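Below: the structure, in structure tokens.
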Amino acid sequence: MPDTVNPSLWPEPQLSRAALANGVALAYEIAGAGMPLVFIHGAMGDWRSWDKQWTRFTRHFRCLRYSRRYSYPNANSMPSPDHSALIEAQDLRLLLDHVGWESAILVGSSYGSFTALALAASEPRRCLALALSEPPMMRYSQFSAAGRAAARDFRARVIEPANAAFRRGDDVLAASIMTGGIQGATRPPLPPAAMERRMQNLRAMRMLALSSDEFPMLAPEVLAALPMPVLLMAGSNTPPIHAEIFRNVCAAMPQAQHAWIDDSGHSTSNDNAELFNSTVIDFLQQEMRHGHADT
């Protein structure tokens, strides 16, 4: 059963804490009624990343949102340099076990979408449906000429400078480079409150940046064989690297539905929350009416 931590010992008293079998502890919140649904945030977010979805979705679903292994307010150590979406998928599986959910709908953003696909690839029975925005599966950029060009530019402008800054201990500069690169040069600067949250999640960014393989390959034939309903989304104004990866992932998953979220960059669930919410809920309700997303 979920265990609630003494508020005096936990910075977010509304959260519960899952002590997983692998020694990892995750902060999470559950609310609502209906089919189980898990929100999985991106590399620079945490459980609060889903504030614009929470009230809307808990009207229809039994929702869980959590902070991934190295995100605020968790305090897990890094046991090896091999951190990736594959490890995060193991955490998610154990979190589902902890709350007693045999399976759930997974709604992901960015690296959270990558995590959801990693779990679906290894244990498809745990996933009732997937609604995923821009999984950053960098190896898929190599499947097209436009993708390879975008990847070279992104690595030179963002990944290599940010990783170098992390290695020399300049975390603030690294976060700034990563934020600008992921969101795109045409995006306005983040407001102070949003940037403060990014800084609270520096460890999560650092762990991925310093990983030996932060973007492992999920084989196209594995993704094409996923049996559950899948919705893939991308922002209409997302930077080229994300757009090219999205197109190539969509091509590898002919069974998936696709949607572009207007007036949005990489962070579709935040940039245009109203359209993101209605797109995902319409997809899930349609699938439930057809009996494709039930237990």
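In the structure tokens, chains take letters A, B, ... by order of appearance, with residues numbered from 1 within each chain and ligands from 1 in the order shown.
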
Neighbour list for segment 255-259 of chain A as a list in words, cut-off 6 Å, only C-alpha atoms, skip fewer than 6 positions in-chain: Val230, Leu231, Leu232 and Met233 of chain A

Residue set, segment 201-259 of chain A restricted to strand (DSSP E or B), as number ranges by chain: A: 230-235, 257-259

Could you list, with a cut-off of 10 Å and counting only C-alpha atoms, the residues of segment 28-87 of chain A near segment 118-130 of chain A, each shown with its nearest atom pair and the distance in Å rounded to one decimal, rows sorted by chain and ascending number, as a tab-separated table?
```
residue	atom	partner	partner_atom	distance
A:Met35	CA	A:Leu128	CA	9.4
A:Pro36	CA	A:Leu128	CA	9.0
A:Leu37	CA	A:Leu128	CA	8.9
A:Val38	CA	A:Leu130	CA	9.9
A:Ser84	CA	A:Ala118	CA	9.7
A:Ala85	CA	A:Ala118	CA	6.4
A:Leu86	CA	A:Ala118	CA	5.8
A:Ile87	CA	A:Ala118	CA	8.9
```

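Residues in contact range of Phe143 of chain A, defined as at most 10 Å between only C-alpha atoms, with sequence neighbours fewer than 6 positions away removed, read Glu244, Ile245, Arg247, Asn248, Val249, Ala251 and Ala252 of chain A.
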
Which parts of segment 23-217 of chain A does DSSP call helix (DSSP H, G or I) when run on the backbone here, written out as a compact mmCIF listing (two decimals) with N, CA, C and O atoms, in the first residue's frame?
```txt
# COMPACT_ATOMS: atom_id res chain seq x y z
N TRP A 47 7.00 16.23 -10.81
CA TRP A 47 5.57 15.94 -10.68
C TRP A 47 4.71 17.17 -10.96
O TRP A 47 3.58 17.06 -11.45
N ARG A 48 5.24 18.37 -10.70
CA ARG A 48 4.48 19.60 -10.90
C ARG A 48 4.31 19.96 -12.37
O ARG A 48 3.51 20.84 -12.71
N SER A 49 5.06 19.29 -13.25
CA SER A 49 4.97 19.58 -14.68
C SER A 49 3.57 19.36 -15.23
O SER A 49 3.24 19.86 -16.31
N TRP A 50 2.75 18.59 -14.51
CA TRP A 50 1.42 18.24 -14.98
C TRP A 50 0.32 19.06 -14.30
O TRP A 50 -0.85 18.68 -14.33
N ASP A 51 0.68 20.21 -13.72
CA ASP A 51 -0.33 21.04 -13.06
C ASP A 51 -1.48 21.42 -13.99
O ASP A 51 -2.64 21.50 -13.57
N LYS A 52 -1.17 21.68 -15.26
CA LYS A 52 -2.21 22.11 -16.21
C LYS A 52 -3.08 20.96 -16.70
O LYS A 52 -4.09 21.19 -17.38
N GLN A 53 -2.70 19.74 -16.36
CA GLN A 53 -3.50 18.57 -16.73
C GLN A 53 -4.29 18.00 -15.55
O GLN A 53 -5.33 17.37 -15.74
N TRP A 54 -3.82 18.22 -14.36
CA TRP A 54 -4.27 17.45 -13.20
C TRP A 54 -5.78 17.53 -12.98
O TRP A 54 -6.47 16.51 -12.90
N THR A 55 -6.31 18.73 -12.89
CA THR A 55 -7.75 18.88 -12.60
C THR A 55 -8.60 18.32 -13.72
O THR A 55 -9.61 17.64 -13.48
N ARG A 56 -8.19 18.55 -14.95
CA ARG A 56 -8.97 18.07 -16.11
C ARG A 56 -9.00 16.54 -16.16
O ARG A 56 -10.05 15.93 -16.38
N PHE A 57 -7.87 15.91 -15.97
CA PHE A 57 -7.79 14.46 -16.14
C PHE A 57 -8.35 13.71 -14.94
O PHE A 57 -8.90 12.61 -15.11
N THR A 58 -8.23 14.27 -13.75
CA THR A 58 -8.76 13.55 -12.58
C THR A 58 -10.29 13.51 -12.57
O THR A 58 -10.87 12.77 -11.78
N ALA A 85 16.44 5.78 -20.14
CA ALA A 85 15.00 5.48 -20.11
C ALA A 85 14.74 4.03 -19.74
O ALA A 85 13.67 3.71 -19.21
N LEU A 86 15.68 3.14 -20.02
CA LEU A 86 15.51 1.73 -19.64
C LEU A 86 15.47 1.58 -18.13
O LEU A 86 14.65 0.81 -17.58
N ILE A 87 16.31 2.32 -17.42
CA ILE A 87 16.31 2.30 -15.95
C ILE A 87 15.04 2.97 -15.43
O ILE A 87 14.40 2.47 -14.49
N GLU A 88 14.66 4.09 -16.04
CA GLU A 88 13.44 4.78 -15.61
C GLU A 88 12.21 3.90 -15.81
O GLU A 88 11.26 3.95 -15.01
N ALA A 89 12.20 3.08 -16.85
CA ALA A 89 11.08 2.16 -17.08
C ALA A 89 11.00 1.11 -15.99
O ALA A 89 9.90 0.72 -15.57
N GLN A 90 12.15 0.65 -15.49
CA GLN A 90 12.14 -0.29 -14.37
C GLN A 90 11.53 0.36 -13.13
O GLN A 90 10.75 -0.26 -12.40
N ASP A 91 11.90 1.63 -12.88
CA ASP A 91 11.31 2.36 -11.75
C ASP A 91 9.80 2.45 -11.90
O ASP A 91 9.05 2.27 -10.93
N LEU A 92 9.34 2.76 -13.11
CA LEU A 92 7.90 2.91 -13.35
C LEU A 92 7.18 1.59 -13.10
O LEU A 92 6.11 1.57 -12.50
N ARG A 93 7.75 0.50 -13.56
CA ARG A 93 7.14 -0.81 -13.33
C ARG A 93 7.01 -1.09 -11.83
O ARG A 93 5.95 -1.54 -11.36
N LEU A 94 8.06 -0.77 -11.07
CA LEU A 94 8.02 -1.01 -9.63
C LEU A 94 7.05 -0.05 -8.93
O LEU A 94 6.43 -0.42 -7.93
N LEU A 95 6.91 1.16 -9.46
CA LEU A 95 5.94 2.09 -8.90
C LEU A 95 4.52 1.58 -9.12
O LEU A 95 3.67 1.66 -8.21
N LEU A 96 4.24 1.05 -10.31
CA LEU A 96 2.93 0.44 -10.55
C LEU A 96 2.68 -0.71 -9.57
O LEU A 96 1.58 -0.85 -9.02
N ASP A 97 3.70 -1.52 -9.33
CA ASP A 97 3.56 -2.60 -8.34
C ASP A 97 3.27 -2.03 -6.97
O ASP A 97 2.42 -2.56 -6.22
N HIS A 98 3.95 -0.96 -6.61
CA HIS A 98 3.80 -0.36 -5.28
C HIS A 98 2.37 0.10 -5.02
O HIS A 98 1.85 -0.09 -3.92
N VAL A 99 1.75 0.70 -6.01
CA VAL A 99 0.38 1.20 -5.82
C VAL A 99 -0.66 0.16 -6.18
O VAL A 99 -1.87 0.43 -6.10
N TYR A 111 11.33 13.11 -22.28
CA TYR A 111 11.98 11.90 -21.78
C TYR A 111 11.00 11.00 -21.04
O TYR A 111 11.22 9.78 -20.95
N GLY A 112 9.91 11.55 -20.54
CA GLY A 112 8.87 10.72 -19.96
C GLY A 112 8.20 9.85 -21.02
O GLY A 112 7.81 8.71 -20.75
N SER A 113 8.07 10.38 -22.24
CA SER A 113 7.53 9.58 -23.34
C SER A 113 8.49 8.45 -23.71
O SER A 113 8.07 7.32 -24.00
N PHE A 114 9.78 8.75 -23.71
CA PHE A 114 10.80 7.73 -23.96
C PHE A 114 10.69 6.63 -22.90
O PHE A 114 10.73 5.43 -23.21
N THR A 115 10.53 7.03 -21.64
CA THR A 115 10.38 6.07 -20.54
C THR A 115 9.16 5.18 -20.75
O THR A 115 9.21 3.97 -20.55
N ALA A 116 8.04 5.79 -21.15
CA ALA A 116 6.82 5.03 -21.39
C ALA A 116 7.02 4.01 -22.50
O ALA A 116 6.58 2.85 -22.39
N LEU A 117 7.67 4.41 -23.59
CA LEU A 117 7.92 3.48 -24.68
C LEU A 117 8.86 2.35 -24.24
O LEU A 117 8.69 1.20 -24.67
N ALA A 118 9.82 2.66 -23.38
CA ALA A 118 10.73 1.62 -22.89
C ALA A 118 9.97 0.59 -22.07
O ALA A 118 10.22 -0.62 -22.18
N LEU A 119 9.02 1.03 -21.24
CA LEU A 119 8.22 0.08 -20.48
C LEU A 119 7.31 -0.72 -21.41
O LEU A 119 7.19 -1.94 -21.27
N ALA A 120 6.68 -0.05 -22.37
CA ALA A 120 5.79 -0.74 -23.31
C ALA A 120 6.55 -1.79 -24.11
O ALA A 120 6.01 -2.86 -24.41
N ALA A 121 7.80 -1.49 -24.47
CA ALA A 121 8.59 -2.43 -25.26
C ALA A 121 8.96 -3.67 -24.45
O ALA A 121 8.99 -4.78 -24.99
N SER A 122 9.22 -3.48 -23.15
CA SER A 122 9.65 -4.60 -22.33
C SER A 122 8.49 -5.35 -21.70
O SER A 122 8.55 -6.57 -21.51
N PRO A 124 4.59 -4.96 -22.43
CA PRO A 124 3.41 -4.34 -23.03
C PRO A 124 2.13 -4.56 -22.25
O PRO A 124 1.22 -3.72 -22.31
N ARG A 125 2.04 -5.62 -21.49
CA ARG A 125 0.82 -5.90 -20.72
C ARG A 125 0.58 -4.86 -19.64
O ARG A 125 -0.56 -4.72 -19.16
N ARG A 126 1.60 -4.13 -19.24
CA ARG A 126 1.44 -3.11 -18.20
C ARG A 126 0.86 -1.81 -18.75
O ARG A 126 0.54 -0.90 -17.96
N MET A 138 17.03 9.94 -29.83
CA MET A 138 18.00 10.58 -30.72
C MET A 138 18.49 9.67 -31.84
O MET A 138 18.78 10.15 -32.94
N ARG A 139 18.55 8.38 -31.60
CA ARG A 139 19.05 7.49 -32.65
C ARG A 139 18.10 7.48 -33.86
O ARG A 139 18.53 7.17 -34.98
N TYR A 140 16.84 7.82 -33.65
CA TYR A 140 15.90 7.86 -34.78
C TYR A 140 16.16 9.05 -35.69
O TYR A 140 15.67 9.08 -36.82
N SER A 141 16.95 10.02 -35.23
CA SER A 141 17.32 11.11 -36.13
C SER A 141 18.17 10.60 -37.30
O SER A 141 18.20 11.22 -38.37
N GLN A 142 18.82 9.46 -37.12
CA GLN A 142 19.72 8.93 -38.15
C GLN A 142 18.97 8.22 -39.27
O GLN A 142 19.59 7.77 -40.24
N PHE A 143 17.66 8.13 -39.18
CA PHE A 143 16.88 7.40 -40.17
C PHE A 143 16.48 8.25 -41.37
O PHE A 143 15.78 7.77 -42.27
N ALA A 145 17.90 11.92 -43.91
CA ALA A 145 18.93 12.92 -44.15
C ALA A 145 18.66 14.19 -43.34
O ALA A 145 19.58 14.78 -42.75
N ALA A 146 17.40 14.62 -43.31
CA ALA A 146 17.05 15.82 -42.54
C ALA A 146 17.30 15.60 -41.06
O ALA A 146 17.75 16.51 -40.35
N GLY A 147 17.02 14.40 -40.59
CA GLY A 147 17.25 14.08 -39.19
C GLY A 147 18.73 14.08 -38.85
O GLY A 147 19.14 14.59 -37.79
N ARG A 148 19.55 13.53 -39.73
CA ARG A 148 21.00 13.50 -39.47
C ARG A 148 21.57 14.92 -39.43
O ARG A 148 22.41 15.23 -38.57
N ALA A 149 21.10 15.79 -40.31
CA ALA A 149 21.57 17.18 -40.30
C ALA A 149 21.14 17.89 -39.02
O ALA A 149 21.93 18.62 -38.40
N ALA A 150 19.90 17.69 -38.61
CA ALA A 150 19.40 18.31 -37.38
C ALA A 150 20.16 17.80 -36.17
O ALA A 150 20.46 18.56 -35.24
N ALA A 151 20.50 16.51 -36.16
CA ALA A 151 21.22 15.93 -35.04
C ALA A 151 22.63 16.49 -34.93
O ALA A 151 23.12 16.77 -33.83
N ARG A 152 23.30 16.65 -36.06
CA ARG A 152 24.65 17.23 -36.03
C ARG A 152 24.63 18.64 -35.46
O ARG A 152 25.46 19.01 -34.62
N ASP A 153 23.65 19.42 -35.90
CA ASP A 153 23.53 20.79 -35.41
C ASP A 153 23.20 20.81 -33.92
O ASP A 153 23.80 21.58 -33.14
N PHE A 154 22.27 19.95 -33.49
CA PHE A 154 21.86 19.91 -32.08
C PHE A 154 23.02 19.46 -31.19
O PHE A 154 23.23 20.01 -30.10
N ARG A 155 23.77 18.48 -31.64
CA ARG A 155 24.90 18.00 -30.84
C ARG A 155 25.95 19.09 -30.69
O ARG A 155 26.50 19.30 -29.60
N ALA A 156 26.23 19.81 -31.78
CA ALA A 156 27.28 20.84 -31.73
C ALA A 156 26.85 22.04 -30.90
O ALA A 156 27.67 22.61 -30.17
N ARG A 157 25.57 22.43 -31.01
CA ARG A 157 25.11 23.65 -30.34
C ARG A 157 24.65 23.43 -28.91
O ARG A 157 24.73 24.34 -28.08
N VAL A 158 24.15 22.21 -28.60
CA VAL A 158 23.48 21.99 -27.33
C VAL A 158 24.12 20.87 -26.52
O VAL A 158 24.61 21.10 -25.40
N ILE A 159 24.15 19.66 -27.05
CA ILE A 159 24.57 18.52 -26.23
C ILE A 159 26.02 18.65 -25.79
O ILE A 159 26.34 18.53 -24.59
N GLU A 160 26.92 18.90 -26.72
CA GLU A 160 28.34 18.95 -26.35
C GLU A 160 28.67 20.12 -25.43
O GLU A 160 29.34 19.93 -24.40
N PRO A 161 28.18 21.35 -25.69
CA PRO A 161 28.45 22.44 -24.75
C PRO A 161 27.82 22.22 -23.38
O PRO A 161 28.44 22.51 -22.34
N ALA A 162 26.59 21.69 -23.33
CA ALA A 162 25.94 21.45 -22.05
C ALA A 162 26.66 20.37 -21.27
O ALA A 162 26.89 20.51 -20.05
N ASN A 163 27.03 19.28 -21.92
CA ASN A 163 27.72 18.21 -21.23
C ASN A 163 29.09 18.67 -20.72
O ASN A 163 29.51 18.29 -19.61
N ALA A 164 29.76 19.48 -21.51
CA ALA A 164 31.05 20.01 -21.06
C ALA A 164 30.88 20.89 -19.82
O ALA A 164 31.68 20.83 -18.88
N ALA A 165 29.81 21.70 -19.81
CA ALA A 165 29.54 22.53 -18.64
C ALA A 165 29.23 21.69 -17.42
O ALA A 165 29.71 21.98 -16.30
N PHE A 166 28.44 20.64 -17.58
CA PHE A 166 28.17 19.74 -16.46
C PHE A 166 29.46 19.10 -15.94
O PHE A 166 29.68 19.01 -14.73
N ARG A 167 30.33 18.66 -16.85
CA ARG A 167 31.55 17.97 -16.42
C ARG A 167 32.48 18.88 -15.62
O ARG A 167 33.17 18.43 -14.71
N ASP A 171 26.80 23.95 -13.53
CA ASP A 171 25.46 23.42 -13.75
C ASP A 171 24.49 24.47 -14.25
O ASP A 171 23.58 24.18 -15.04
N VAL A 172 24.65 25.70 -13.79
CA VAL A 172 23.72 26.76 -14.20
C VAL A 172 23.85 27.03 -15.69
O VAL A 172 22.85 27.13 -16.42
N LEU A 173 25.08 27.12 -16.19
CA LEU A 173 25.28 27.32 -17.62
C LEU A 173 24.74 26.13 -18.40
O LEU A 173 24.08 26.29 -19.44
N ALA A 174 25.00 24.92 -17.90
CA ALA A 174 24.52 23.72 -18.59
C ALA A 174 23.01 23.73 -18.70
O ALA A 174 22.45 23.40 -19.75
N ALA A 175 22.33 24.10 -17.61
CA ALA A 175 20.87 24.14 -17.63
C ALA A 175 20.36 25.18 -18.62
O ALA A 175 19.37 24.95 -19.33
N SER A 176 21.03 26.31 -18.70
CA SER A 176 20.63 27.36 -19.63
C SER A 176 20.80 26.89 -21.07
O SER A 176 19.91 27.10 -21.92
N ILE A 177 21.92 26.25 -21.38
CA ILE A 177 22.15 25.75 -22.73
C ILE A 177 21.12 24.70 -23.10
O ILE A 177 20.53 24.72 -24.19
N MET A 178 20.88 23.77 -22.16
CA MET A 178 19.95 22.69 -22.44
C MET A 178 18.53 23.23 -22.62
O MET A 178 17.80 22.80 -23.53
N THR A 179 18.13 24.16 -21.76
CA THR A 179 16.79 24.74 -21.86
C THR A 179 16.59 25.43 -23.20
O THR A 179 15.59 25.21 -23.90
N GLY A 180 17.55 26.27 -23.59
CA GLY A 180 17.44 26.98 -24.86
C GLY A 180 17.42 26.04 -26.05
O GLY A 180 16.65 26.23 -26.99
N GLY A 181 18.25 25.00 -25.98
CA GLY A 181 18.32 24.07 -27.10
C GLY A 181 17.07 23.23 -27.25
O GLY A 181 16.61 23.00 -28.37
N ILE A 182 16.53 22.77 -26.15
CA ILE A 182 15.34 21.92 -26.20
C ILE A 182 14.12 22.73 -26.58
O ILE A 182 13.28 22.28 -27.37
N GLN A 183 14.00 23.93 -26.04
CA GLN A 183 12.81 24.74 -26.31
C GLN A 183 12.88 25.43 -27.66
O GLN A 183 11.85 25.72 -28.27
N PRO A 192 10.58 33.45 -14.29
CA PRO A 192 11.43 33.09 -13.15
C PRO A 192 10.97 31.84 -12.41
O PRO A 192 11.81 31.01 -12.01
N ALA A 193 9.66 31.67 -12.21
CA ALA A 193 9.19 30.50 -11.47
C ALA A 193 9.52 29.21 -12.21
O ALA A 193 9.92 28.21 -11.59
N ALA A 194 9.37 29.23 -13.53
CA ALA A 194 9.67 28.03 -14.32
C ALA A 194 11.16 27.74 -14.31
O ALA A 194 11.58 26.58 -14.21
N MET A 195 11.99 28.79 -14.39
CA MET A 195 13.43 28.58 -14.36
C MET A 195 13.87 28.07 -12.99
O MET A 195 14.79 27.24 -12.90
N GLU A 196 13.22 28.52 -11.94
CA GLU A 196 13.56 28.04 -10.60
C GLU A 196 13.29 26.54 -10.49
O GLU A 196 14.08 25.79 -9.91
N ARG A 197 12.19 26.09 -11.08
CA ARG A 197 11.91 24.65 -11.08
C ARG A 197 12.98 23.90 -11.84
O ARG A 197 13.40 22.80 -11.45
N ARG A 198 13.42 24.46 -12.98
CA ARG A 198 14.50 23.81 -13.73
C ARG A 198 15.73 23.63 -12.83
O ARG A 198 16.37 22.59 -12.85
N MET A 199 16.05 24.67 -12.07
CA MET A 199 17.23 24.60 -11.23
C MET A 199 17.07 23.56 -10.13
O MET A 199 18.05 22.95 -9.69
N GLN A 200 15.83 23.34 -9.67
CA GLN A 200 15.59 22.30 -8.67
C GLN A 200 15.78 20.91 -9.25
O GLN A 200 15.91 19.94 -8.49
N LEU A 202 18.27 20.12 -11.49
CA LEU A 202 19.58 20.05 -12.12
C LEU A 202 20.18 18.64 -12.05
O LEU A 202 20.84 18.19 -12.99
N ARG A 203 19.95 17.95 -10.93
CA ARG A 203 20.52 16.60 -10.80
C ARG A 203 19.99 15.68 -11.90
O ARG A 203 20.73 14.85 -12.44
N ALA A 204 18.71 15.81 -12.20
CA ALA A 204 18.12 14.96 -13.24
C ALA A 204 18.78 15.23 -14.59
O ALA A 204 19.11 14.29 -15.35
N MET A 205 19.00 16.50 -14.90
CA MET A 205 19.67 16.84 -16.15
C MET A 205 21.11 16.35 -16.15
O MET A 205 21.60 15.80 -17.15
N ARG A 206 21.79 16.53 -15.02
CA ARG A 206 23.19 16.11 -14.92
C ARG A 206 23.33 14.60 -15.11
O ARG A 206 24.24 14.13 -15.82
N MET A 207 22.46 13.82 -14.49
CA MET A 207 22.57 12.36 -14.57
C MET A 207 22.41 11.87 -16.00
O MET A 207 23.10 10.94 -16.43
N LEU A 208 21.52 12.48 -16.76
CA LEU A 208 21.38 12.10 -18.17
C LEU A 208 22.57 12.58 -18.98
O LEU A 208 23.11 11.85 -19.82
N ALA A 209 22.99 13.81 -18.74
CA ALA A 209 24.10 14.37 -19.51
C ALA A 209 25.38 13.56 -19.33
O ALA A 209 26.17 13.41 -20.27
```

Between atom CA of Ser110 of chain A and atom CA of Phe246 of chain A, distance in Å (one decimal): 10.7 Å

Distance criterion (only C-alpha atoms): nearest to Arg69 of chain A out of A:Gly291, A:Gly23, A:Gly265, A:Pro13: A:Gly23

Closest of A:Ser267, A:Ser144, A:Gly34, A:Pro136 to Ala104 of chain A - atom-to-atom distances counting only C-alpha atoms: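 Smallest distance to Ala104 of chain A is found for A:Gly34.
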
Of the listed residues A:Ala234, A:Ala225, A:Ile241, A:Leu210, that which approaches His83 of chain A most closely, counting only C-alpha atoms: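 Nearest candidate to His83 of chain A out of A:Ala234, A:Ala225, A:Ile241, A:Leu210: A:Leu210.
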
Residues within 6 Å of Gly32 of chain A, only C-alpha atoms, excluding chain neighbours under 2 positions, as a PyMOL selection string: chain A and resi 58+61-63

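Excluding Ile30 of chain A itself and same-chain residues fewer than 5 positions from it, the residues having an atom within 9 Å of it are Leu15, Ser16, Arg62, Cys63, Leu64, Arg65 and Tyr66 of chain A, counting only C-alpha atoms.
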
Can I get the selected residues back with C-alpha atoms, as a PDB file, in the first residue's frame?
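Result file is result24.pdb:
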```pdb
ATOM      1  CA  LEU A  15       2.898  13.770  -1.820  1.00  0.00           C
ATOM      2  CA  SER A  16       3.367  10.138  -0.863  1.00  0.00           C
ATOM      3  CA  ARG A  62      -7.560   7.646 -11.479  1.00  0.00           C
ATOM      4  CA  CYS A  63      -4.389   9.676 -12.011  1.00  0.00           C
ATOM      5  CA  LEU A  64      -0.874   9.295 -10.671  1.00  0.00           C
ATOM      6  CA  ARG A  65       1.892  11.809 -11.234  1.00  0.00           C
ATOM      7  CA  TYR A  66       5.370  11.313  -9.866  1.00  0.00           C
TER       8      TYR A  66
END
```

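The space separating atom CA of Asp263 of chain A from atom CA of Leu284 of chain A comes to 22.3 Å.
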
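Checking A:Pro81, A:Pro240, A:Gly169, A:Gly235 one by one against Trp260 of chain A, counting only C-alpha atoms, you find the shortest gap at A:Gly235.
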
Pairwise distance for atom CA of Phe215 of chain A and atom CA of Glu134 of chain A, rounded to one decimal in Å: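 Spanning atom CA of Phe215 of chain A to atom CA of Glu134 of chain A is a straight-line distance of 13.5 Å.
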